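Next comes entry-v3.tsv, a file with TSV, C-alpha atoms and all ligand atoms.
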```
chain	number	residue	atom	x	y	z
K	28	MET	CA	-121.95	34.95	-120.84
K	29	PRO	CA	-119.78	34.62	-117.70
K	30	THR	CA	-116.14	33.58	-118.13
K	31	LYS	CA	-114.01	31.54	-115.78
K	32	PHE	CA	-110.29	31.96	-115.36
K	33	ILE	CA	-107.49	30.85	-113.08
K	34	LEU	CA	-105.93	33.66	-111.09
K	35	TYR	CA	-102.38	33.37	-109.68
K	36	PHE	CA	-101.33	35.51	-106.73
K	37	THR	CA	-99.13	35.57	-103.63
K	38	PRO	CA	-101.22	33.54	-101.13
K	39	ASP	CA	-101.08	36.24	-98.43
K	40	PHE	CA	-102.59	38.75	-100.84
K	41	GLU	CA	-105.41	36.63	-102.20
K	42	ALA	CA	-108.25	38.95	-101.12
K	43	TYR	CA	-106.43	41.98	-102.54
K	44	ALA	CA	-105.62	40.25	-105.83
K	45	ILE	CA	-109.27	39.26	-106.31
K	46	LYS	CA	-110.36	42.79	-105.41
K	47	GLU	CA	-107.91	44.14	-107.96
K	48	VAL	CA	-109.28	42.03	-110.82
K	49	GLU	CA	-112.83	42.78	-109.66
K	50	GLY	CA	-112.03	46.48	-109.99
K	51	ALA	CA	-110.69	45.93	-113.50
K	52	LEU	CA	-113.54	43.70	-114.68
K	53	GLY	CA	-116.51	45.07	-112.72
K	54	SER	CA	-117.22	41.61	-111.32
K	55	ALA	CA	-115.13	38.70	-110.04
K	56	ARG	CA	-116.28	35.83	-107.81
K	57	LYS	CA	-114.07	33.07	-106.39
K	58	LEU	CA	-115.53	29.64	-107.21
K	59	ALA	CA	-112.78	27.37	-105.90
K	60	ASP	CA	-109.45	27.58	-104.16
K	61	PHE	CA	-106.79	25.57	-105.98
K	62	GLY	CA	-104.23	26.22	-103.24
K	63	GLY	CA	-100.65	27.47	-103.62
K	64	GLY	CA	-101.79	30.92	-104.74
K	65	THR	CA	-104.27	29.89	-107.44
K	66	ALA	CA	-108.05	30.17	-107.51
K	67	LEU	CA	-110.84	29.66	-110.00
K	68	ILE	CA	-112.62	32.96	-110.60
K	69	GLU	CA	-115.76	33.80	-112.53
K	70	THR	CA	-116.58	37.17	-114.07
K	71	ASP	CA	-119.64	38.42	-115.95
K	72	ARG	CA	-117.31	39.71	-118.69
K	73	GLU	CA	-117.01	37.83	-121.94
K	74	ARG	CA	-113.86	35.87	-122.70
K	75	LYS	CA	-112.90	38.28	-125.50
K	76	ASP	CA	-112.94	41.28	-123.11
K	77	LEU	CA	-111.16	39.58	-120.24
K	78	LEU	CA	-107.50	39.81	-121.24
K	79	PHE	CA	-107.95	43.21	-122.88
K	80	LEU	CA	-109.40	44.74	-119.71
K	81	LEU	CA	-106.85	43.09	-117.45
K	82	SER	CA	-103.93	44.12	-119.62
K	83	LYS	CA	-105.11	47.75	-119.52
K	84	ALA	CA	-105.63	47.71	-115.76
K	85	ARG	CA	-101.97	47.84	-114.63
K	86	LEU	CA	-102.48	45.05	-112.12
K	87	ILE	CA	-100.12	45.00	-109.18
K	88	LEU	CA	-100.97	41.84	-107.26
K	89	ALA	CA	-102.43	39.48	-109.86
K	90	LYS	CA	-99.46	37.49	-111.13
K	91	HIS	CA	-101.04	35.59	-113.95
K	92	ILE	CA	-104.39	34.91	-115.63
K	93	SER	CA	-105.27	31.75	-117.45
K	94	PRO	CA	-108.72	31.85	-119.11
K	95	ILE	CA	-110.85	28.70	-119.11
K	96	ASP	CA	-112.52	27.68	-122.37
K	97	VAL	CA	-114.15	24.40	-121.42
K	98	GLU	CA	-114.86	22.35	-118.30
K	99	PHE	CA	-115.96	18.74	-117.98
K	100	GLY	CA	-116.09	15.84	-115.51
K	101	VAL	CA	-113.27	13.33	-115.00
K	102	CYS	CA	-113.38	9.97	-113.15
K	103	GLY	CA	-109.75	9.61	-112.03
K	104	GLN	CA	-108.90	6.69	-114.33
K	105	GLY	CA	-106.15	7.55	-116.76
K	106	ASP	CA	-107.32	5.21	-119.52
K	107	LYS	CA	-110.58	7.17	-119.73
K	108	ASP	CA	-109.59	10.67	-118.61
K	109	LEU	CA	-106.50	11.20	-120.77
K	110	ILE	CA	-108.42	10.63	-124.01
K	111	SER	CA	-111.26	12.84	-122.83
K	112	ILE	CA	-108.82	15.61	-121.81
K	113	LEU	CA	-107.11	15.46	-125.23
K	114	ASP	CA	-110.50	15.64	-126.99
K	115	HIS	CA	-111.45	18.73	-125.01
K	116	VAL	CA	-108.04	20.33	-125.56
K	117	LEU	CA	-108.43	19.83	-129.31
K	118	SER	CA	-111.92	21.32	-129.24
K	119	VAL	CA	-110.63	24.69	-127.94
K	120	SER	CA	-107.05	24.98	-129.20
K	121	TYR	CA	-105.41	25.59	-132.56
K	122	VAL	CA	-101.84	24.35	-132.43
K	123	LEU	CA	-100.77	23.87	-136.03
K	124	LYS	CA	-97.86	22.06	-137.62
K	125	GLY	CA	-94.72	24.09	-136.96
K	126	ASP	CA	-96.30	26.05	-134.06
K	127	ARG	CA	-94.39	26.20	-130.78
K	128	PHE	CA	-96.49	25.06	-127.87
K	129	SER	CA	-96.35	24.53	-124.12
K	130	ILE	CA	-98.64	22.33	-122.04
K	131	GLN	CA	-99.13	23.11	-118.36
K	132	CYS	CA	-101.17	20.86	-116.14
K	133	ARG	CA	-101.92	21.42	-112.46
K	134	ARG	CA	-104.05	19.24	-110.29
K	135	ARG	CA	-105.48	19.40	-106.84
K	136	GLY	CA	-107.25	16.63	-104.99
K	137	THR	CA	-106.55	12.92	-104.79
K	138	GLY	CA	-108.05	9.75	-106.16
K	139	SER	CA	-106.71	9.51	-109.70
K	140	ASP	CA	-104.24	6.97	-111.03
K	141	TYR	CA	-102.33	9.52	-113.18
K	142	THR	CA	-100.22	12.60	-112.50
K	143	SER	CA	-100.23	16.08	-114.00
K	144	LYS	CA	-97.00	15.12	-115.81
K	145	ASP	CA	-98.84	12.17	-117.41
K	146	VAL	CA	-101.41	14.64	-118.77
K	147	GLU	CA	-98.72	17.00	-120.12
K	148	VAL	CA	-96.91	14.12	-121.84
K	149	PHE	CA	-100.08	12.58	-123.28
K	150	VAL	CA	-101.43	15.82	-124.76
K	151	GLY	CA	-97.99	17.14	-125.71
K	152	SER	CA	-97.06	13.92	-127.55
K	153	TRP	CA	-100.18	14.25	-129.67
K	154	PHE	CA	-99.26	17.78	-130.78
K	155	GLU	CA	-95.67	16.73	-131.31
K	156	GLY	CA	-96.77	13.82	-133.47
K	157	ASN	CA	-98.68	16.35	-135.53
K	158	GLY	CA	-95.56	18.35	-136.31
K	159	SER	CA	-95.87	21.06	-133.64
K	160	ILE	CA	-92.79	22.01	-131.64
K	161	PRO	CA	-92.79	21.50	-127.87
K	162	VAL	CA	-91.13	24.16	-125.75
K	163	PHE	CA	-89.77	22.43	-122.64
K	164	SER	CA	-88.58	24.35	-119.65
K	165	SER	CA	-85.39	22.28	-119.58
K	166	THR	CA	-84.30	23.64	-122.96
K	167	GLY	CA	-84.60	27.32	-122.15
K	168	VAL	CA	-86.89	29.91	-120.65
K	169	VAL	CA	-90.39	29.33	-121.93
K	170	SER	CA	-91.37	32.76	-123.13
K	171	GLY	CA	-92.19	34.82	-126.16
K	172	PRO	CA	-95.40	35.95	-127.81
K	173	GLU	CA	-95.41	33.12	-130.30
K	174	ILE	CA	-96.02	30.16	-128.00
K	175	LYS	CA	-99.44	28.48	-127.90
K	176	VAL	CA	-100.15	27.68	-124.27
K	177	VAL	CA	-102.59	24.96	-123.20
K	178	GLY	CA	-103.53	25.14	-119.50
K	179	ILE	CA	-105.15	22.07	-117.95
K	180	TYR	CA	-106.41	22.28	-114.36
K	181	LEU	CA	-107.80	19.25	-112.58
K	182	PHE	CA	-109.74	20.00	-109.45
K	183	ASN	CA	-111.16	16.88	-107.79
K	184	ASN	CA	-113.46	15.47	-110.49
K	185	VAL	CA	-113.63	18.49	-112.78
K	186	CYS	CA	-111.16	19.40	-115.49
K	187	TYR	CA	-110.79	22.97	-116.80
K	188	VAL	CA	-108.97	23.66	-120.06
K	189	GLY	CA	-107.85	27.02	-121.38
K	190	PHE	CA	-105.99	27.97	-124.53
K	191	SER	CA	-104.06	31.20	-125.02
K	192	GLU	CA	-101.08	32.63	-126.80
K	193	SER	CA	-98.26	33.58	-124.48
K	194	GLY	CA	-98.34	37.22	-125.68
K	195	GLU	CA	-101.91	37.62	-124.37
K	196	LEU	CA	-101.10	36.51	-120.86
K	197	ILE	CA	-100.30	39.10	-118.27
K	198	ASN	CA	-97.30	37.06	-117.21
K	199	GLU	CA	-95.74	34.29	-119.26
K	200	HIS	CA	-94.63	32.46	-116.15
K	201	ASN	CA	-94.94	28.97	-117.61
K	202	ASP	CA	-92.41	26.65	-116.07
K	203	GLU	CA	-89.73	29.18	-115.28
K	204	TYR	CA	-89.66	28.41	-111.61
K	205	ARG	CA	-89.05	24.73	-112.17
K	206	LEU	CA	-86.39	25.52	-114.72
K	207	TYR	CA	-84.61	28.06	-112.58
K	208	ALA	CA	-84.75	25.92	-109.49
K	209	LYS	CA	-82.72	23.30	-111.32
K	210	ALA	CA	-80.09	25.71	-112.59
K	211	GLY	CA	-76.94	26.67	-110.67
K	212	LYS	CA	-77.57	29.74	-108.56
K	213	VAL	CA	-76.05	32.08	-105.99
K	214	SER	CA	-79.42	32.92	-104.43
K	215	ARG	CA	-83.03	32.29	-105.38
K	216	SER	CA	-83.44	36.07	-105.71
K	217	GLN	CA	-81.38	36.11	-108.87
K	218	PHE	CA	-84.29	34.59	-110.76
K	219	LYS	CA	-86.37	37.56	-109.67
K	220	LEU	CA	-83.98	39.94	-111.42
K	221	ILE	CA	-83.80	37.74	-114.52
K	222	GLU	CA	-87.60	37.72	-114.67
K	223	ALA	CA	-87.81	41.49	-114.03
K	224	LEU	CA	-85.30	42.33	-116.79
K	225	ARG	CA	-87.21	40.13	-119.22
K	226	LYS	CA	-90.66	41.37	-118.22
K	227	PHE	CA	-89.60	45.03	-118.29
K	228	LYS	CA	-87.69	44.45	-121.55
K	229	ILE	CA	-84.43	45.87	-120.16
K	230	THR	CA	-81.37	44.85	-122.13
K	231	MET	CA	-78.02	45.97	-120.74
K	232	HIS	CA	-74.72	45.38	-122.49
K	233	GLY	CA	-71.96	46.67	-120.27
K	234	GLY	CA	-72.10	49.89	-118.24
K	235	ARG	CA	-72.07	50.44	-114.49
K	236	ALA	CA	-74.60	49.03	-112.04
K	237	LEU	CA	-75.22	49.82	-108.39
K	238	ASP	CA	-76.70	46.87	-106.46
K	239	LEU	CA	-78.23	47.89	-103.10
K	240	GLY	CA	-78.72	45.06	-100.61
K	241	ALA	CA	-76.57	42.82	-102.77
K	242	ALA	CA	-75.71	39.87	-100.49
K	243	PRO	CA	-75.29	37.02	-101.13
K	244	GLY	CA	-74.85	38.28	-104.67
K	245	GLY	CA	-77.49	36.74	-106.94
K	246	TRP	CA	-78.45	40.02	-108.59
K	247	SER	CA	-74.81	41.11	-108.87
K	248	ASN	CA	-74.08	37.80	-110.55
K	249	VAL	CA	-76.79	38.45	-113.14
K	250	LEU	CA	-75.50	41.98	-113.80
K	251	LEU	CA	-71.91	40.72	-114.16
K	252	GLY	CA	-73.27	38.21	-116.66
K	253	LEU	CA	-74.58	41.18	-118.70
K	254	GLY	CA	-71.05	42.56	-118.91
K	255	MET	CA	-71.66	45.27	-116.29
K	256	GLU	CA	-69.25	46.63	-113.73
K	257	VAL	CA	-71.02	46.22	-110.41
K	258	THR	CA	-70.77	48.14	-107.16
K	259	ALA	CA	-72.43	45.85	-104.61
K	260	VAL	CA	-73.51	47.48	-101.34
K	261	ASP	CA	-74.35	45.29	-98.37
K	262	PRO	CA	-72.89	44.87	-94.87
K	263	ALA	CA	-73.29	41.10	-95.30
K	264	ALA	CA	-70.78	38.88	-97.10
K	265	LEU	CA	-71.06	38.02	-100.78
K	266	ASP	CA	-70.73	34.58	-102.29
K	267	PRO	CA	-66.94	34.05	-102.73
K	268	VAL	CA	-67.23	33.39	-106.48
K	269	VAL	CA	-69.17	36.63	-107.05
K	270	ALA	CA	-66.89	38.59	-104.70
K	271	ALA	CA	-63.83	37.39	-106.66
K	272	SER	CA	-65.05	38.90	-109.94
K	273	PRO	CA	-62.62	41.58	-111.23
K	274	ASN	CA	-65.66	43.60	-112.35
K	275	LEU	CA	-67.20	43.82	-108.88
K	276	VAL	CA	-66.49	46.14	-105.97
K	277	HIS	CA	-68.09	45.18	-102.66
K	278	LEU	CA	-68.82	48.06	-100.28
K	279	ALA	CA	-69.45	46.31	-96.99
K	280	SER	CA	-71.61	49.09	-95.64
K	281	ILE	CA	-75.25	50.13	-95.54
K	282	SER	CA	-76.70	52.01	-98.53
K	283	GLU	CA	-77.28	55.10	-96.37
K	284	ILE	CA	-73.55	55.76	-96.94
K	285	PRO	CA	-73.62	56.68	-100.64
K	286	PRO	CA	-71.00	55.34	-103.02
K	287	ASP	CA	-69.14	57.55	-105.49
K	288	GLY	CA	-69.57	57.70	-109.22
K	289	LYS	CA	-72.29	57.58	-111.85
K	290	PHE	CA	-74.31	54.52	-112.77
K	291	ASP	CA	-76.34	53.29	-115.74
K	292	LEU	CA	-78.63	51.14	-113.59
K	293	ILE	CA	-79.53	50.95	-109.91
K	294	VAL	CA	-81.14	47.84	-108.48
K	295	ASP	CA	-82.48	47.62	-104.95
K	296	ASP	CA	-83.49	44.41	-103.16
K	297	MET	CA	-82.85	45.65	-99.63
K	298	ASN	CA	-84.69	43.94	-96.79
K	299	ILE	CA	-86.17	47.13	-95.43
K	300	ASP	CA	-89.70	48.55	-95.46
K	301	ALA	CA	-91.06	49.88	-98.72
K	302	GLU	CA	-91.08	53.58	-97.77
K	303	SER	CA	-87.51	53.58	-96.43
K	304	SER	CA	-86.28	51.80	-99.55
K	305	ALA	CA	-88.08	54.34	-101.75
K	306	MET	CA	-86.58	57.25	-99.81
K	307	MET	CA	-83.11	55.81	-100.14
K	308	LEU	CA	-83.52	55.41	-103.88
K	309	VAL	CA	-84.68	59.01	-104.18
K	310	GLY	CA	-81.57	60.12	-102.27
K	311	LEU	CA	-79.32	58.15	-104.62
K	312	SER	CA	-81.06	59.25	-107.84
K	313	ARG	CA	-78.32	61.85	-108.47
K	314	LEU	CA	-75.99	58.93	-109.22
K	315	LEU	CA	-78.12	57.97	-112.25
K	316	GLY	CA	-78.18	59.64	-115.65
K	317	ASN	CA	-81.50	61.16	-116.79
K	318	GLY	CA	-83.76	58.47	-118.25
K	319	SER	CA	-81.65	55.66	-116.79
K	320	ASN	CA	-83.50	52.88	-115.02
K	321	ALA	CA	-83.77	51.62	-111.49
K	322	ILE	CA	-85.40	48.36	-110.43
K	323	ILE	CA	-86.68	48.09	-106.88
K	324	THR	CA	-88.46	45.36	-104.94
K	325	LEU	CA	-90.80	46.79	-102.35
K	326	LYS	CA	-91.02	44.50	-99.34
K	327	LEU	CA	-94.58	44.18	-98.08
K	328	LYS	CA	-95.83	43.01	-94.71
K	329	LYS	CA	-98.06	40.03	-94.09
K	330	GLY	CA	-101.45	41.16	-92.82
K	331	SER	CA	-101.08	44.77	-93.96
K	332	ASN	CA	-102.70	46.44	-96.97
K	333	PRO	CA	-100.24	46.01	-99.87
K	334	PHE	CA	-101.90	48.73	-102.01
K	335	LYS	CA	-101.33	51.30	-99.26
K	336	ALA	CA	-97.65	50.43	-98.90
K	337	VAL	CA	-97.06	50.41	-102.68
K	338	ASN	CA	-98.91	53.71	-103.22
K	339	SER	CA	-97.07	55.40	-100.42
K	340	ALA	CA	-93.68	54.24	-101.81
K	341	ILE	CA	-94.69	55.36	-105.32
K	342	HIS	CA	-95.51	58.85	-104.00
K	343	ILE	CA	-92.02	59.07	-102.57
K	344	LEU	CA	-90.38	57.72	-105.74
K	345	TRP	CA	-92.22	60.29	-107.91
K	346	GLN	CA	-89.90	62.97	-106.50
K	347	SER	CA	-87.11	61.64	-108.72
K	348	TYR	CA	-88.49	58.87	-110.93
K	349	ASP	CA	-91.23	58.05	-113.39
K	350	VAL	CA	-92.80	54.78	-112.31
K	351	VAL	CA	-92.84	52.86	-115.59
K	352	SER	CA	-94.20	49.54	-114.40
K	353	VAL	CA	-95.34	47.79	-111.22
K	354	ALA	CA	-95.61	44.00	-111.18
K	355	SER	CA	-96.05	41.03	-108.96
K	356	LEU	CA	-93.49	38.77	-110.59
K	357	PHE	CA	-93.74	35.04	-110.57
K	358	HIS	CA	-90.67	35.04	-108.30
K	359	ASN	CA	-92.00	37.72	-105.93
K	360	ARG	CA	-93.28	36.52	-102.61
K	361	LEU	CA	-94.28	39.24	-100.11
K	362	GLU	CA	-93.12	41.99	-102.42
K	363	VAL	CA	-93.70	43.69	-105.76
K	364	THR	CA	-91.12	44.86	-108.27
K	365	LEU	CA	-91.05	48.30	-109.92
K	366	LEU	CA	-89.30	49.62	-113.00
K	367	LEU	CA	-88.35	53.29	-112.63
K	368	ALA	CA	-86.84	55.85	-114.98
K	369	LYS	CA	-84.90	58.80	-113.57
K	370	LYS	CA	-86.75	62.05	-114.31
K	371	GLY	CA	-85.04	64.55	-116.59
K	401	LIG	C1	-83.12	39.72	-100.01
K	401	LIG	S1	-81.46	40.05	-99.61
K	401	LIG	C2	-80.83	40.49	-101.16
K	401	LIG	C3	-80.58	39.34	-102.06
K	401	LIG	C4	-79.80	39.72	-103.29
K	401	LIG	N1	-80.58	40.56	-104.19
K	401	LIG	C5	-79.32	38.51	-104.05
K	401	LIG	O1	-79.76	38.31	-105.18
K	401	LIG	O2	-78.49	37.76	-103.53
K	401	LIG	C6	-81.57	41.58	-98.78
K	401	LIG	C7	-80.26	42.18	-98.36
K	401	LIG	O3	-80.51	43.53	-97.97
K	401	LIG	C8	-79.46	43.87	-97.09
K	401	LIG	N2	-79.78	45.14	-96.42
K	401	LIG	C9	-80.77	45.40	-95.51
K	401	LIG	N3	-80.73	46.70	-95.16
K	401	LIG	C10	-79.71	47.28	-95.84
K	401	LIG	C11	-79.17	48.59	-95.92
K	401	LIG	N4	-79.68	49.60	-95.19
K	401	LIG	N5	-78.13	48.82	-96.75
K	401	LIG	C12	-77.62	47.82	-97.50
K	401	LIG	N6	-78.08	46.55	-97.46
K	401	LIG	C13	-79.11	46.28	-96.66
K	401	LIG	C14	-79.36	42.65	-96.18
K	401	LIG	O4	-78.09	42.61	-95.55
K	401	LIG	C15	-79.59	41.52	-97.16
K	401	LIG	O5	-78.37	40.94	-97.55
```
The structure given in the file should be rewritten as structure tokens.
Ligand SMILES: C[S@@+](CC[C@H](N)C(=O)[O-])C[C@H]1O[C@@H](n2cnc3c(N)ncnc32)[C@H](O)[C@@H]1O
Amino acid sequence: MPTKFILYFTPDFEAYAIKEVEGALGSARKLADFGGGTALIETDRERKDLLFLLSKARLILAKHISPIDVEFGVCGQGDKDLISILDHVLSVSYVLKGDRFSIQCRRRGTGSDYTSKDVEVFVGSWFEGNGSIPVFSSTGVVSGPEIKVVGIYLFNNVCYVGFSESGELINEHNDEYRLYAKAGKVSRSQFKLIEALRKFKITMHGGRALDLGAAPGGWSNVLLGLGMEVTAVDPAALDPVVAASPNLVHLASISEIPPDGKFDLIVDDMNIDAESSAMMLVGLSRLLGNGSNAIITLKLKKGSNPFKAVNSAIHILWQSYDVVSVASLFHNRLEVTLLLAKKG
């Protein structure tokens, strides 16, 4: 029986992201465009095979998958629709007393007298009243394998509901963007590094980090927060608060002029093309201990084939690194992020 799911992607790479999941599943058809980098997709695969196959496929451009378990019509009137949505949510989900849960509603189209927030509150309050524990984005990053996630998507007069556990999803993006956007920040990019460290399960406690293309200093700020000593390389100025840290040295030069010393981690967010960035990282690999990690964002060009650019950069990186993971993070726009390990 065919299965429907919501696919999240960078809007410029929609065709490639669908092609990628089609390759992994054997079939994938777009049924509706939800806008903002989301589309409703149908595959001939069964629901039980969907996440398994996608998780094995090492997807590069698909950011997130949310399977649909039930779909039904809505009329746009809250007094009727909210009850109906809750009924359908309960028919496909198992959120028990004491379980942690998150409700995410998105809607597209006009003509209803309620908002997506109204839906989240209505359904969430029911679970809460039943003794389940809501995980709100304002109280911390919504992540972890133990969260029951209810996705509700309203598209004109159809509602799609999917239930999953956060560990099954290819990316537990949840409400991180909204949460991070509210928090104090040096640059929006810093949330990319936070997400990358969490997704790649990198925990650093102290040590030395080299930050290439560091300005205005968001990534450096995150690394300082992990107790690291940071060498930040960028001809541009750093945020004064970051620059004033006693644990940071700013080299106001381009990364082609290599710094001295040995590092436990190299991160690279330079605004240069993917191949040049990869070559530079290969040149600097001697500064890293064997097995130590590097994190690089590969900048991709609108209108060009992202697979080609990523593959070509990976071929260069293989000279000095094992490519451990490649991901389109929730915070990536026209780029993907790679976790590398220096070859022994
Ligand atoms: C996207 S910004 C980095 C943002 C940073 N990660 C943060 O969190 O604030 C890209 C930076 O790359 C720097 N850059 C571009 N080419 C460079 C090069 N060859 N060497 C060093 N920095 C470079 C730019 O000056 C720019 O500040």
Practice problem: Give as a ChimeraX atom specification the set of residues within 12 Å of the point (-99.9, 15.6, -135.1), where distances use the file's coordinates and all atoms listed in the file. | Solution: /K:117,121-126,150-161
Exercise. Could you give me the residues within 6 Å of ligand LIG 401 (chain K), counting only C-alpha atoms and all ligand atoms, as a PyMOL selection string?
Key: chain K and resi 214+216-217+239-246+260-263+281-282+296-299
Tell me which residues come within 8 Å of (-83.8, 44.1, -110.2), as an mmCIF file with C-alpha atoms, in the coordinates of the input, counting all atoms listed in the file in the file's coordinates.
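Saved file part-v7.cif follows:
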```cif
data_model
loop_
_atom_site.group_PDB
_atom_site.id
_atom_site.type_symbol
_atom_site.label_atom_id
_atom_site.label_comp_id
_atom_site.auth_asym_id
_atom_site.auth_seq_id
_atom_site.Cartn_x
_atom_site.Cartn_y
_atom_site.Cartn_z
ATOM 1 C CA LYS K 219 -86.370 37.560 -109.670
ATOM 2 C CA LEU K 220 -83.980 39.940 -111.420
ATOM 3 C CA ILE K 221 -83.800 37.740 -114.520
ATOM 4 C CA ALA K 223 -87.810 41.490 -114.030
ATOM 5 C CA LEU K 224 -85.300 42.330 -116.790
ATOM 6 C CA TRP K 246 -78.450 40.020 -108.590
ATOM 7 C CA VAL K 294 -81.140 47.840 -108.480
ATOM 8 C CA ASP K 295 -82.480 47.620 -104.950
ATOM 9 C CA ASP K 296 -83.490 44.410 -103.160
ATOM 10 C CA ALA K 321 -83.770 51.620 -111.490
ATOM 11 C CA ILE K 322 -85.400 48.360 -110.430
ATOM 12 C CA ILE K 323 -86.680 48.090 -106.880
ATOM 13 C CA THR K 324 -88.460 45.360 -104.940
ATOM 14 C CA THR K 364 -91.120 44.860 -108.270
#
```
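Interatomic distance, CA of Gly63 in chain K to CA of Pro38 in chain K: 6.6 Å.
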Practice problem: Quick one: everything within 10 Å of Phe61 in chain K, counting all atoms listed in the file, minus sequence neighbours fewer than 2 positions away in the same chain. Send it as a ChimeraX atom specification. | Solution: /K:33-35,58-59,63-67,133-136,180-183
Practice problem: Determine, counting only C-alpha atoms, which protein, DNA and RNA residues have an atom within 6 Å of an atom of range 266-277 of chain K; residues of the same chain fewer than 5 positions away are not included. Present the result as a ChimeraX atom specification. | Solution: /K:243,256-259
Keeping C-alpha atoms for every residue in the selection just given, could you write it to a file as a PDB file, keeping the file's coordinate frame?
```
ATOM      1  CA  PRO K 243     -75.290  37.020-101.130  1.00  0.00           C
ATOM      2  CA  GLU K 256     -69.250  46.630-113.730  1.00  0.00           C
ATOM      3  CA  VAL K 257     -71.020  46.220-110.410  1.00  0.00           C
ATOM      4  CA  THR K 258     -70.770  48.140-107.160  1.00  0.00           C
ATOM      5  CA  ALA K 259     -72.430  45.850-104.610  1.00  0.00           C
TER       6      ALA K 259
END
```
Quiz item: Quick one, how far is CA of Ile130 in chain K from CA of Lys144 in chain K?
Solution: 9.7 Å
Quiz item: Which distance in Å separates CA of Asp140 in chain K and CA of Ile95 in chain K, to one decimal?
Solution: 24.1 Å
Quiz item: Which one is closest to Gln346 in chain K: K:Ser139, K:Ser118, K:Ser247, K:Ser312? Count only C-alpha atoms.
Solution: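 Comparing K:Ser139, K:Ser118, K:Ser247, K:Ser312 against Gln346 in chain K, the winner is K:Ser312.
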Self-check item: From K:Val353, K:Ile284, K:Ile293, K:Leu81, residue lying nearest Leu237 in chain K [all atoms listed in the file]
Solution: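 When distances to Leu237 in chain K are compared using all atoms listed in the file, the smallest one comes from K:Ile293.
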Practice problem: Determine, counting all atoms listed in the file, which protein, DNA and RNA residues have an atom within 10 Å of an atom of Ile68 in chain K; residues of the same chain fewer than 6 positions away are not included. Present the result as a PyMOL selection string. | Solution: chain K and resi 30-34+45+48-49+54-60+92+94-95
Dump C-alpha atoms for the selected residues as a PDB file, in the coordinates of the input?
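Wrote out.pdb, looks like this:
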```
ATOM      1  CA  THR K  30    -116.140  33.580-118.130  1.00  0.00           C
ATOM      2  CA  LYS K  31    -114.010  31.540-115.780  1.00  0.00           C
ATOM      3  CA  PHE K  32    -110.290  31.960-115.360  1.00  0.00           C
ATOM      4  CA  ILE K  33    -107.490  30.850-113.080  1.00  0.00           C
ATOM      5  CA  LEU K  34    -105.930  33.660-111.090  1.00  0.00           C
ATOM      6  CA  ILE K  45    -109.270  39.260-106.310  1.00  0.00           C
ATOM      7  CA  VAL K  48    -109.280  42.030-110.820  1.00  0.00           C
ATOM      8  CA  GLU K  49    -112.830  42.780-109.660  1.00  0.00           C
ATOM      9  CA  SER K  54    -117.220  41.610-111.320  1.00  0.00           C
ATOM     10  CA  ALA K  55    -115.130  38.700-110.040  1.00  0.00           C
ATOM     11  CA  ARG K  56    -116.280  35.830-107.810  1.00  0.00           C
ATOM     12  CA  LYS K  57    -114.070  33.070-106.390  1.00  0.00           C
ATOM     13  CA  LEU K  58    -115.530  29.640-107.210  1.00  0.00           C
ATOM     14  CA  ALA K  59    -112.780  27.370-105.900  1.00  0.00           C
ATOM     15  CA  ASP K  60    -109.450  27.580-104.160  1.00  0.00           C
ATOM     16  CA  ILE K  92    -104.390  34.910-115.630  1.00  0.00           C
ATOM     17  CA  PRO K  94    -108.720  31.850-119.110  1.00  0.00           C
ATOM     18  CA  ILE K  95    -110.850  28.700-119.110  1.00  0.00           C
TER      19      ILE K  95
END
```
Self-check item: Nearest to Val162 in chain K by atom-to-atom distance, counting all atoms listed in the file, from K:Ala42, K:Ile174, K:Val97, K:Cys102
Solution: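 Ranked by minimum distance to Val162 in chain K, first place goes to K:Ile174.
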Exercise. Compile the contact shell of Asp106 in chain K as a list in words: residues with an atom at most 12 Å away, counting all atoms listed in the file, same-chain residues fewer than 4 positions apart removed.
Key: Val101, Cys102, Ile110, Ser111, Ile112, Leu113, Ser139, Asp140, Tyr141, Asp145, Val146 and Phe149 of chain K
Can you sort out the box for range 305-320 of chain K, edges along x, y and z, all listed atoms in, 3 Å on every side, with centre and edge lengths in Å to one decimal, as lines of an AutoDock Vina configuration file?
```
center_x = -82.0
center_y = 57.4
center_z = -109.0
size_x = 18.1
size_y = 15.0
size_z = 24.4
```
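Residue nearest Val188 in chain K within the list K:Leu325, K:Val119, K:Leu88, K:Leu253: K:Val119 [criterion: smallest interatomic distance, all atoms listed in the file].
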